[in-house]
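Some notes on the structure that comes next.
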Amino acid sequence: MSIWWSLHLRREAASVPLARKLLLGTMETAGVDPDISFDLSVALSEACANAVEHAGTATGYCVTAHIDGDCCRIEVADSGPTTSRDRTTVFEHAPDLDRKPDWILHPARPLPHRGQYAEHGRGLILIEALVDHVRFHDRPGVGTAVSFDKVLKWRDDALLKAS
């Protein structure tokens, strides 16, 4: 069994907790481990906040979540202006407590030059830290999308646990 849902949200701050609560409710009902659910909900909140803040003239954005087997994939896409050329960047890392993840060392993703206490510029870094795979996709004339995957862990009483 799998779960799939999609939301079309207005580009306003109140939409961010709505998306997060729907995701957390879905994860709770399915039986996903609370720590995994929390990581995904923070990543989703950051992606939604980016769409709300940076989508330019777009009036809304779309959130799609899909649980299939032991994986959850989430995409947040807006229809705001993008760069003049198509750009897809994929960051993949496997969590390893003995070393820094590859995303920290990736030269294309330096920390914002405004310093470690800057209020902006941390959302994408948080997303990269909390999930297993991240894709950023600028779609000229269409908008920007960020999608991310995380391998799920299940509670013992899970309804959807992959077999």
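We name chains A, B, ... following the order of the structure tokens; residues begin at 1 in each chain, and ligands are numbered from 1 as shown.
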
Selection: 10 Å around A:Ser41, only C-alpha atoms, excl. self and same-chain fewer than 6 positions, as a ChimeraX atom specification: /A:17,19-24,27,35,47,127,130

Selection above as a file: N, CA, C and O atoms, as an mmCIF file, in the first residue's frame:
data_model
loop_
_atom_site.group_PDB
_atom_site.id
_atom_site.type_symbol
_atom_site.label_atom_id
_atom_site.label_comp_id
_atom_site.auth_asym_id
_atom_site.auth_seq_id
_atom_site.Cartn_x
_atom_site.Cartn_y
_atom_site.Cartn_z
ATOM 1 N N PRO A 17 2.268 25.982 8.241
ATOM 2 C CA PRO A 17 1.887 25.025 9.285
ATOM 3 C C PRO A 17 0.778 24.075 8.831
ATOM 4 O O PRO A 17 0.700 22.938 9.320
ATOM 5 N N ALA A 19 0.499 22.652 5.813
ATOM 6 C CA ALA A 19 1.177 21.549 5.117
ATOM 7 C C ALA A 19 1.900 20.649 6.114
ATOM 8 O O ALA A 19 1.850 19.422 6.012
ATOM 9 N N ARG A 20 2.569 21.265 7.078
ATOM 10 C CA ARG A 20 3.312 20.496 8.085
ATOM 11 C C ARG A 20 2.379 19.603 8.896
ATOM 12 O O ARG A 20 2.667 18.424 9.125
ATOM 13 N N LYS A 21 1.240 20.147 9.337
ATOM 14 C CA LYS A 21 0.295 19.358 10.142
ATOM 15 C C LYS A 21 -0.300 18.207 9.340
ATOM 16 O O LYS A 21 -0.493 17.109 9.864
ATOM 17 N N LEU A 22 -0.588 18.439 8.070
ATOM 18 C CA LEU A 22 -1.118 17.351 7.238
ATOM 19 C C LEU A 22 -0.083 16.238 7.106
ATOM 20 O O LEU A 22 -0.410 15.054 7.231
ATOM 21 N N LEU A 23 1.176 16.613 6.871
ATOM 22 C CA LEU A 23 2.231 15.604 6.771
ATOM 23 C C LEU A 23 2.375 14.835 8.080
ATOM 24 O O LEU A 23 2.423 13.599 8.078
ATOM 25 N N LEU A 24 2.441 15.532 9.206
ATOM 26 C CA LEU A 24 2.597 14.864 10.497
ATOM 27 C C LEU A 24 1.420 13.940 10.795
ATOM 28 O O LEU A 24 1.612 12.833 11.308
ATOM 29 N N MET A 27 1.833 10.821 8.626
ATOM 30 C CA MET A 27 2.908 9.972 9.151
ATOM 31 C C MET A 27 2.473 9.244 10.428
ATOM 32 O O MET A 27 2.765 8.065 10.607
ATOM 33 N N ASP A 35 10.672 10.398 15.048
ATOM 34 C CA ASP A 35 11.884 11.156 14.714
ATOM 35 C C ASP A 35 11.988 11.393 13.210
ATOM 36 O O ASP A 35 12.365 12.486 12.764
ATOM 37 N N ALA A 47 10.975 24.158 2.996
ATOM 38 C CA ALA A 47 10.699 24.247 1.563
ATOM 39 C C ALA A 47 9.470 25.114 1.298
ATOM 40 O O ALA A 47 9.465 25.946 0.374
ATOM 41 N N ILE A 127 17.264 21.469 5.027
ATOM 42 C CA ILE A 127 16.652 20.391 4.239
ATOM 43 C C ILE A 127 17.703 19.337 3.914
ATOM 44 O O ILE A 127 17.483 18.141 4.106
ATOM 45 N N LEU A 130 18.548 17.055 6.840
ATOM 46 C CA LEU A 130 17.504 16.228 7.436
ATOM 47 C C LEU A 130 17.020 15.072 6.573
ATOM 48 O O LEU A 130 16.321 14.193 7.066
#

Contact residues around A:Leu7 with only C-alpha atoms at 10 Å, ignoring same-chain residues under 3 positions, as a PDB file with N, CA and C atoms, in the first residue's frame:
ATOM      1  N   ARG A  10      -2.125  28.735  -1.205  1.00  0.00           N
ATOM      2  CA  ARG A  10      -1.862  30.152  -1.475  1.00  0.00           C
ATOM      3  C   ARG A  10      -0.502  30.501  -0.897  1.00  0.00           C
ATOM      4  N   SER A  15      -0.049  29.004   5.258  1.00  0.00           N
ATOM      5  CA  SER A  15      -0.061  27.726   4.541  1.00  0.00           C
ATOM      6  C   SER A  15       1.035  26.779   5.030  1.00  0.00           C
ATOM      7  N   LEU A  18      -0.058  24.507   7.896  1.00  0.00           N
ATOM      8  CA  LEU A  18      -1.095  23.614   7.373  1.00  0.00           C
ATOM      9  C   LEU A  18      -0.462  22.406   6.683  1.00  0.00           C
ATOM     10  N   ALA A  19       0.499  22.652   5.813  1.00  0.00           N
ATOM     11  CA  ALA A  19       1.177  21.549   5.117  1.00  0.00           C
ATOM     12  C   ALA A  19       1.900  20.649   6.114  1.00  0.00           C
ATOM     13  N   LEU A  22      -0.588  18.439   8.070  1.00  0.00           N
ATOM     14  CA  LEU A  22      -1.118  17.351   7.238  1.00  0.00           C
ATOM     15  C   LEU A  22      -0.083  16.238   7.106  1.00  0.00           C
ATOM     16  N   TYR A  61       1.556  27.749  -4.537  1.00  0.00           N
ATOM     17  CA  TYR A  61       2.556  26.702  -4.723  1.00  0.00           C
ATOM     18  C   TYR A  61       1.902  25.361  -4.443  1.00  0.00           C
ATOM     19  N   CYS A  62       2.578  24.300  -4.819  1.00  0.00           N
ATOM     20  CA  CYS A  62       2.030  22.956  -4.705  1.00  0.00           C
ATOM     21  C   CYS A  62       2.956  22.085  -3.857  1.00  0.00           C
ATOM     22  N   VAL A  63       2.373  21.302  -2.967  1.00  0.00           N
ATOM     23  CA  VAL A  63       3.107  20.329  -2.155  1.00  0.00           C
ATOM     24  C   VAL A  63       2.569  18.953  -2.501  1.00  0.00           C
ATOM     25  N   THR A  64       3.453  18.039  -2.835  1.00  0.00           N
ATOM     26  CA  THR A  64       3.067  16.662  -3.118  1.00  0.00           C
ATOM     27  C   THR A  64       3.902  15.749  -2.239  1.00  0.00           C
ATOM     28  N   ALA A  65       3.253  14.794  -1.596  1.00  0.00           N
ATOM     29  CA  ALA A  65       3.956  13.822  -0.753  1.00  0.00           C
ATOM     30  C   ALA A  65       3.533  12.423  -1.171  1.00  0.00           C
ATOM     31  N   VAL A  76       7.985  20.368  -3.325  1.00  0.00           N
ATOM     32  CA  VAL A  76       7.358  21.682  -3.190  1.00  0.00           C
ATOM     33  C   VAL A  76       7.727  22.449  -4.451  1.00  0.00           C
TER      34      VAL A  76
END

Residue contacts of A:His66 (10 Å, only C-alpha atoms) excluding same-chain residues fewer than 3 positions away, as a list of chain:residue names: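 The contact residues come out as A:Ser2, A:Ile3, A:Trp4, A:Trp5, A:Ser6, A:Gly69, A:Cys71, A:Cys72, A:Arg73, A:Ile74, A:Glu75, A:Asp149.
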